[in-house]
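File shown here: model.cif, holding mmCIF, C-alpha atoms.
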data_input
#
loop_
_atom_site.label_atom_id
_atom_site.label_comp_id
_atom_site.auth_asym_id
_atom_site.auth_seq_id
_atom_site.Cartn_x
_atom_site.Cartn_y
_atom_site.Cartn_z
CA ARG A 1 0.00 0.00 0.00
CA GLY A 2 2.77 2.40 0.89
CA VAL A 3 4.67 1.53 -2.29
CA ALA A 4 1.53 2.16 -4.37
CA PHE A 5 1.26 5.76 -3.14
CA GLU A 6 4.89 6.31 -4.11
CA TYR A 7 4.80 4.63 -7.51
CA ARG A 8 1.42 5.75 -8.83
CA HIS A 9 2.64 9.12 -10.08
CA LYS A 10 5.95 7.84 -11.48
CA ARG A 11 4.49 7.31 -14.97
CA PRO A 12 1.64 9.12 -16.78
CA GLU A 13 -0.03 6.10 -18.43
CA ASP A 14 -3.63 5.46 -17.34
CA ARG A 15 -3.08 1.72 -17.00
CA TRP A 16 -0.02 2.23 -14.76
CA GLN A 17 -1.88 4.59 -12.44
CA ARG A 18 -5.04 2.47 -12.44
CA ASN A 19 -3.10 -0.65 -11.42
CA TRP A 20 -1.51 1.16 -8.49
CA GLU A 21 -4.93 2.51 -7.50
CA HIS A 22 -6.16 -1.08 -7.37
CA ALA A 23 -3.20 -1.90 -5.14
CA ILE A 24 -4.12 0.98 -2.82
CA PHE A 25 -7.75 -0.17 -2.69
CA TRP A 26 -7.18 -3.86 -2.01
CA CYS A 27 -4.26 -3.31 0.35
CA SER A 28 -6.49 -0.97 2.35
CA LEU A 29 -9.56 -3.23 2.26
CA LEU A 30 -7.92 -6.47 3.37
CA PRO A 31 -6.31 -5.19 6.61
CA ALA A 32 -9.57 -3.51 7.63
CA PHE A 33 -11.46 -6.78 7.15
CA LEU A 34 -8.82 -9.03 8.69
CA TRP A 35 -8.49 -6.77 11.73
CA GLY A 36 -12.11 -7.46 12.71
CA ALA A 37 -11.94 -11.14 11.79
CA ILE A 38 -8.87 -11.65 13.98
CA PHE A 39 -10.39 -9.88 16.98
CA ALA A 40 -13.65 -11.79 16.53
CA ASN A 41 -11.70 -15.05 16.66
CA LEU A 42 -9.91 -13.91 19.80
CA VAL A 43 -13.20 -13.17 21.56
CA HIS A 44 -15.05 -16.25 20.34
CA GLY A 45 -12.09 -18.57 20.91
CA VAL A 46 -9.88 -20.77 18.74
CA PRO A 47 -8.63 -24.37 19.04
CA ILE A 48 -5.70 -24.15 21.48
CA GLY A 49 -4.12 -27.36 22.66
CA ARG A 50 -2.72 -28.35 26.03
CA ASP A 51 0.71 -27.01 25.02
CA GLY A 52 -0.68 -23.54 24.34
CA ASN A 53 -0.26 -23.83 20.57
CA TYR A 54 -2.91 -23.43 17.87
CA ALA A 55 -4.39 -26.81 17.01
CA GLY A 56 -6.82 -25.95 14.20
CA GLY A 57 -6.80 -25.18 10.50
CA LEU A 58 -7.67 -22.23 8.30
CA THR A 59 -11.37 -23.11 8.21
CA ASP A 60 -11.53 -22.83 12.01
CA LEU A 61 -10.77 -19.13 11.61
CA LEU A 62 -13.45 -18.49 8.96
CA THR A 63 -16.52 -18.92 11.12
CA PRO A 64 -19.69 -16.85 10.51
CA TYR A 65 -18.92 -14.85 13.64
CA ALA A 66 -15.38 -14.04 12.45
CA LEU A 67 -16.56 -13.09 8.96
CA LEU A 68 -19.23 -10.82 10.46
CA GLY A 69 -16.59 -9.23 12.67
CA GLY A 70 -14.42 -8.54 9.64
CA LEU A 71 -17.36 -7.01 7.81
CA VAL A 72 -18.08 -4.76 10.80
CA THR A 73 -14.59 -3.28 10.94
CA LEU A 74 -14.48 -2.94 7.16
CA VAL A 75 -17.62 -0.81 6.92
CA LEU A 76 -16.95 1.01 10.20
CA PHE A 77 -13.44 2.07 9.17
CA THR A 78 -14.65 3.00 5.68
CA PHE A 79 -17.40 5.13 7.19
CA HIS A 80 -14.82 6.82 9.42
CA GLY A 81 -12.63 7.48 6.37
CA ALA A 82 -15.51 8.85 4.29
CA VAL A 83 -16.38 11.28 7.09
CA PHE A 84 -12.73 12.35 7.22
CA ALA A 85 -12.74 12.89 3.45
CA ALA A 86 -15.81 15.11 3.82
CA LEU A 87 -14.14 16.96 6.69
CA LYS A 88 -10.98 17.70 4.70
CA THR A 89 -12.42 18.63 1.30
CA ALA A 90 -14.53 21.37 -0.24
CA GLY A 91 -17.00 21.60 -3.08
CA ASP A 92 -18.33 18.59 -4.96
CA ILE A 93 -15.90 16.15 -3.33
CA ARG A 94 -17.20 17.12 0.11
CA VAL A 95 -20.81 16.58 -0.95
CA ARG A 96 -20.05 13.19 -2.52
CA ALA A 97 -18.03 12.07 0.49
CA ARG A 98 -20.83 13.07 2.85
CA ARG A 99 -23.38 11.11 0.80
CA CYS A 100 -21.06 8.12 0.75
CA ALA A 101 -20.59 8.39 4.51
CA ALA A 102 -24.36 8.42 5.02
CA ARG A 103 -24.78 5.15 3.12
CA LEU A 104 -21.79 3.58 4.81
CA GLY A 105 -23.06 4.66 8.22
CA LEU A 106 -26.37 2.90 7.67
CA ALA A 107 -24.53 -0.20 6.49
CA THR A 108 -22.38 -0.03 9.62
CA VAL A 109 -25.47 0.01 11.82
CA VAL A 110 -26.96 -2.96 9.96
CA VAL A 111 -23.90 -5.19 10.44
CA SER A 112 -22.45 -3.90 13.73
CA VAL A 113 -25.56 -4.06 15.92
CA PRO A 114 -26.07 -7.84 15.36
CA PHE A 115 -22.34 -8.42 15.92
CA LEU A 116 -22.29 -6.45 19.19
CA ILE A 117 -25.45 -8.16 20.43
CA TRP A 118 -24.02 -11.56 19.50
CA THR A 119 -20.78 -10.78 21.34
CA GLN A 120 -22.59 -9.42 24.39
CA SER A 121 -24.95 -12.38 24.66
CA ASP A 122 -22.12 -14.87 24.14
CA SER A 123 -19.41 -13.55 26.46
CA GLY A 124 -20.37 -10.07 27.59
CA ASN A 125 -20.76 -8.50 31.02
CA VAL A 126 -21.99 -5.22 32.51
CA ARG A 127 -18.85 -3.32 31.54
CA SER A 128 -18.93 -4.54 27.95
CA LEU A 129 -22.64 -3.67 27.78
CA ALA A 130 -21.81 -0.08 28.73
CA ALA A 131 -19.25 0.02 25.91
CA VAL A 132 -21.89 -1.34 23.48
CA VAL A 133 -24.31 1.44 24.42
CA ILE A 134 -21.62 4.09 23.96
CA ALA A 135 -20.61 2.67 20.58
CA VAL A 136 -24.18 2.55 19.26
CA LEU A 137 -25.07 6.03 20.52
CA ALA A 138 -21.85 7.55 19.15
CA LEU A 139 -22.45 5.95 15.76
CA ALA A 140 -26.06 7.16 15.64
CA VAL A 141 -25.15 10.74 16.55
CA ALA A 142 -22.26 10.65 14.05
CA LEU A 143 -24.77 9.83 11.33
CA VAL A 144 -26.94 12.77 12.37
CA MET A 145 -23.96 15.14 12.45
CA ASN A 146 -22.83 13.96 9.03
CA GLN A 147 -26.31 14.57 7.64
CA ARG A 148 -26.23 18.12 9.02
CA GLY A 149 -22.83 18.83 7.50
CA ARG A 150 -21.03 18.87 10.86
CA GLU A 151 -18.20 16.66 9.72
CA GLY A 152 -15.93 17.53 12.62
CA TRP A 153 -18.40 16.20 15.15
CA ALA A 154 -19.19 13.22 12.91
CA PHE A 155 -15.49 12.33 12.67
CA ALA A 156 -14.94 12.64 16.42
CA LEU A 157 -18.02 10.57 17.24
CA SER A 158 -17.21 7.86 14.71
CA GLY A 159 -13.80 7.67 16.38
CA VAL A 160 -15.54 7.27 19.74
CA ALA A 161 -17.64 4.47 18.23
CA ILE A 162 -14.50 2.66 17.06
CA ALA A 163 -12.80 3.07 20.44
CA ALA A 164 -15.89 1.89 22.31
CA ALA A 165 -16.30 -1.14 20.04
CA VAL A 166 -12.67 -2.13 20.61
CA ALA A 167 -13.06 -1.60 24.36
CA MET A 168 -16.18 -3.76 24.29
CA LEU A 169 -14.25 -6.65 22.74
CA PHE A 170 -11.47 -6.44 25.33
CA LEU A 171 -13.94 -6.08 28.21
CA ALA A 172 -15.83 -9.14 26.98
CA LEU A 173 -12.57 -11.05 26.54
CA PHE A 174 -10.87 -10.24 29.88
CA PRO A 175 -9.28 -12.00 31.74
CA ASP A 176 -8.70 -14.26 28.73
CA VAL A 177 -6.32 -13.26 25.97
CA MET A 178 -7.22 -16.13 23.66
CA PRO A 179 -9.90 -18.59 24.84
CA SER A 180 -9.54 -22.23 23.87
CA THR A 181 -12.56 -23.88 22.28
CA LEU A 182 -11.11 -27.30 23.11
CA ASP A 183 -10.83 -26.88 26.87
CA PRO A 184 -11.25 -23.64 28.90
CA LYS A 185 -8.30 -24.71 31.08
CA TRP A 186 -6.03 -24.44 28.02
CA SER A 187 -6.96 -20.79 27.34
CA LEU A 188 -4.32 -18.09 27.28
CA THR A 189 -5.10 -15.54 29.99
CA ALA A 190 -3.70 -12.15 30.96
CA ALA A 191 -1.78 -13.91 33.74
CA ASN A 192 -0.23 -16.92 32.00
CA ALA A 193 0.51 -15.06 28.74
CA ALA A 194 2.11 -11.99 30.33
CA SER A 195 5.80 -11.14 30.08
CA SER A 196 8.04 -11.04 33.12
CA PRO A 197 7.50 -8.21 35.68
CA TYR A 198 10.81 -6.61 34.63
CA THR A 199 9.79 -6.57 30.94
CA LEU A 200 6.38 -5.14 31.80
CA LYS A 201 8.03 -2.43 33.90
CA ILE A 202 10.30 -1.38 31.02
CA MET A 203 7.41 -1.44 28.55
CA THR A 204 5.31 0.72 30.91
CA TRP A 205 8.04 3.35 31.17
CA VAL A 206 8.57 3.38 27.41
CA ALA A 207 4.84 3.62 26.73
CA GLY A 208 4.42 6.32 29.38
CA ILE A 209 7.07 8.45 27.67
CA MET A 210 6.43 7.72 24.00
CA THR A 211 2.61 7.66 23.93
CA PRO A 212 2.17 11.34 24.91
CA LEU A 213 4.84 12.31 22.37
CA ILE A 214 3.09 10.38 19.60
CA MET A 215 -0.28 11.88 20.51
CA ALA A 216 1.23 15.38 20.55
CA TYR A 217 2.81 14.78 17.14
CA GLN A 218 -0.47 13.53 15.71
CA ALA A 219 -2.35 16.51 17.16
CA TRP A 220 0.21 18.89 15.63
CA THR A 221 -0.11 17.14 12.26
CA TYR A 222 -3.89 17.46 12.32
CA TRP A 223 -3.56 21.15 13.20
CA VAL A 224 -1.07 21.90 10.40
CA PHE A 225 -3.34 20.23 7.82
CA ARG A 226 -6.58 21.50 9.34
CA LYS A 227 -7.80 23.45 6.29
CA ARG A 228 -10.03 21.99 3.61
CA ILE A 229 -8.75 21.40 0.09
CA GLY A 230 -10.57 21.25 -3.24
CA THR A 231 -9.87 20.83 -6.92
CA HIS A 232 -9.19 24.57 -7.19
CA HIS A 233 -6.12 24.06 -4.99
CA ILE A 234 -4.55 21.62 -7.48
CA PRO A 235 -2.26 23.44 -9.93
CA GLU A 236 -2.61 22.77 -13.64
CA PRO A 237 0.14 20.54 -15.13
CA ALA A 238 2.86 22.32 -17.02
CA GLY A 239 1.92 23.03 -20.63
CA HIS A 240 -1.85 23.37 -19.99
#
Could you spell out this file's structure in structure tokens?
Amino acid sequence: RGVAFEYRHKRPEDRWQRNWEHAIFWCSLLPAFLWGAIFANLVHGVPIGRDGNYAGGLTDLLTPYALLGGLVTLVLFTFHGAVFAALKTAGDIRVRARRCAARLGLATVVVSVPFLIWTQSDSGNVRSLAAVVIAVLALAVALVMNQRGREGWAFALSGVAIAAAVAMLFLALFPDVMPSTLDPKWSLTAANAASSPYTLKIMTWVAGIMTPLIMAYQAWTYWVFRKRIGTHHIPEPAGH
């Protein structure tokens, strides 16, 4: 995906650029889908043997629940991206992105609500239920804000929906890290899968220092590129 952004403009031929655009599309779509499928498998459980190793095949990872989880993250992330496109553009592109976000938002509701209910009924608790409510409410209000042309609020709320959905999965999963469908006693938990106390201490210090720096850098980046852009900002090629 990163290579495609670099190479697309290296040659002017339509076929060359179109092929790299396909690479951008598919290499963006697959991670978004697989991200949800992997997390769904973690929550639902996978065949883990007595030795703590995976004891299944590829088909064990392609369950209806996992495929639904992948579809949820795919449409949810795409909705989030469409709202961001509407937030950062002007003119016709903004209008088209907002319309696309409206359709994607409805599709997100259709697939995510059954997935969240399924997860909650299967392995949820009170804390995960609270995260479900936050995710659904944030997504609903994001749709309303997008419809009203308040893309900033829509983007922030769709981000809250993503964060709440992820929190819901972890809250439903804890204290397990990877449940075993063969025998619950063979599951990987937060205790038996953790690193040594010394390693965790070092990681905590590193995260405590680096995370604020990364967040500050990201905030600065968003601020620098805060203005909208449109086709009128793109200069004409030389010779036109």
(request) Kindly give the distance, in Å, that separates CA of Gly91 (chain A) and CA of Glu151 (chain A), rounded to a single decimal. (result)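 Spanning CA of Gly91 (chain A) to CA of Glu151 (chain A) is a straight-line distance of 13.8 Å.
Using all atoms listed in the file, the shortest contact distance between Leu116 (chain A) and any of A:Ile38, A:Ala164, A:Ala140, A:Ala194 is found at A:Ala164.
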(request) May I ask which of the residues A:Met168, A:Val177, A:Ala102, A:Ala90 is the closest one to Val132 (chain A), counting all atoms listed in the file? (result)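 Looking at the shortest contact to Val132 (chain A), the residue is A:Met168.
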(request) For the file shown, report as a list in words the outcome of the PyMOL selection byres ((chain A and resi 165) around 10) at residue level. (result)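 Selection result, ordered by chain and number: Thr73, Ser112, Leu116, Ser128, Ala131, Val132, Val133, Ile134, Ala135, Val136, Gly159, Val160, Ala161, Ile162, Ala163, Ala164, Val166, Ala167, Met168, Leu169, Phe170 and Leu171 of chain A.
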Selected residues written out, C-alpha atoms, as a PDB file, in the coordinates of the input:
ATOM      1  CA  THR A  73     -14.590  -3.280  10.940  1.00  0.00           C
ATOM      2  CA  SER A 112     -22.450  -3.900  13.730  1.00  0.00           C
ATOM      3  CA  LEU A 116     -22.290  -6.450  19.190  1.00  0.00           C
ATOM      4  CA  SER A 128     -18.930  -4.540  27.950  1.00  0.00           C
ATOM      5  CA  ALA A 131     -19.250   0.020  25.910  1.00  0.00           C
ATOM      6  CA  VAL A 132     -21.890  -1.340  23.480  1.00  0.00           C
ATOM      7  CA  VAL A 133     -24.310   1.440  24.420  1.00  0.00           C
ATOM      8  CA  ILE A 134     -21.620   4.090  23.960  1.00  0.00           C
ATOM      9  CA  ALA A 135     -20.610   2.670  20.580  1.00  0.00           C
ATOM     10  CA  VAL A 136     -24.180   2.550  19.260  1.00  0.00           C
ATOM     11  CA  GLY A 159     -13.800   7.670  16.380  1.00  0.00           C
ATOM     12  CA  VAL A 160     -15.540   7.270  19.740  1.00  0.00           C
ATOM     13  CA  ALA A 161     -17.640   4.470  18.230  1.00  0.00           C
ATOM     14  CA  ILE A 162     -14.500   2.660  17.060  1.00  0.00           C
ATOM     15  CA  ALA A 163     -12.800   3.070  20.440  1.00  0.00           C
ATOM     16  CA  ALA A 164     -15.890   1.890  22.310  1.00  0.00           C
ATOM     17  CA  VAL A 166     -12.670  -2.130  20.610  1.00  0.00           C
ATOM     18  CA  ALA A 167     -13.060  -1.600  24.360  1.00  0.00           C
ATOM     19  CA  MET A 168     -16.180  -3.760  24.290  1.00  0.00           C
ATOM     20  CA  LEU A 169     -14.250  -6.650  22.740  1.00  0.00           C
ATOM     21  CA  PHE A 170     -11.470  -6.440  25.330  1.00  0.00           C
ATOM     22  CA  LEU A 171     -13.940  -6.080  28.210  1.00  0.00           C
TER      23      LEU A 171
END
(request) Using CA of Phe115 (chain A) and CA of Trp186 (chain A) as the two end points, give the distance in Å to one decimal. (result)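 According to the coordinates, CA of Phe115 (chain A) and CA of Trp186 (chain A) are separated by 25.9 Å.
Interatomic distance, CA of Gly105 (chain A) against CA of Ala156 (chain A): 14.0 Å.
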(message) When you count only C-alpha atoms, which of these residues is closest to Ser123 (chain A): A:Thr59, A:Arg50, A:Gly45, A:Leu67?
(response)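 Going through A:Thr59, A:Arg50, A:Gly45, A:Leu67 one by one, the smallest distance to Ser123 (chain A) is for A:Gly45.
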(request) Find, counting all atoms listed in the file, the residue in A:Ala4, A:Leu188, A:Leu34, A:Val206 that gets nearest to Glu21 (chain A). (result)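 Of A:Ala4, A:Leu188, A:Leu34, A:Val206, the one nearest Glu21 (chain A) is A:Ala4, counting all atoms listed in the file.
Proximity ranking of A:Ala101, A:Ala154, A:Leu213, A:Ala207 relative to Ala138 (chain A) places A:Ala154 first, based on only C-alpha atoms.
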(message) With distances taken over all atoms listed in the file, which residue among A:Ala37, A:Ile209, A:Leu29, A:Leu42 lies nearest Gly81 (chain A)?
(response)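 Residue with the minimum atom-to-atom distance to Gly81 (chain A): A:Leu29.
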(message) If the PyMOL selection byres ((chain A and resi 74) around 8) were run on this exact file, what residues would it hold? Put them as JSON, numbers by chain.
(response) {"A": [29, 32, 33, 36, 70, 71, 72, 73, 75, 76, 77, 78]}
Output C-alpha atoms of each residue in that selection to a file, as an mmCIF file, in the frame of the given file.
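Okay, part_13.cif is ready:
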data_model
loop_
_atom_site.group_PDB
_atom_site.id
_atom_site.type_symbol
_atom_site.label_atom_id
_atom_site.label_comp_id
_atom_site.auth_asym_id
_atom_site.auth_seq_id
_atom_site.Cartn_x
_atom_site.Cartn_y
_atom_site.Cartn_z
ATOM 1 C CA LEU A 29 -9.560 -3.230 2.260
ATOM 2 C CA ALA A 32 -9.570 -3.510 7.630
ATOM 3 C CA PHE A 33 -11.460 -6.780 7.150
ATOM 4 C CA GLY A 36 -12.110 -7.460 12.710
ATOM 5 C CA GLY A 70 -14.420 -8.540 9.640
ATOM 6 C CA LEU A 71 -17.360 -7.010 7.810
ATOM 7 C CA VAL A 72 -18.080 -4.760 10.800
ATOM 8 C CA THR A 73 -14.590 -3.280 10.940
ATOM 9 C CA VAL A 75 -17.620 -0.810 6.920
ATOM 10 C CA LEU A 76 -16.950 1.010 10.200
ATOM 11 C CA PHE A 77 -13.440 2.070 9.170
ATOM 12 C CA THR A 78 -14.650 3.000 5.680
#
(message) Please enumerate the residues selected by the PyMOL selection byres ((chain A and resi 182) around 8) when evaluated against the supplied file, formatted as a list in words.
(response)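 Those residues are Val46, Pro47, Ile48, Gly49, Ser180, Thr181, Asp183, Pro184 and Trp186 of chain A.
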(request) Determine, counting only C-alpha atoms, every residue of protein, DNA or RNA that lies within 9 Å of (-8.2, 19.5, -2.1) in the file coordinates, then give the result as a list in words. (result) Lys88, Thr89, Ala90, Ile93, Arg228, Ile229, Gly230, Thr231, His232, His233 and Ile234 of chain A
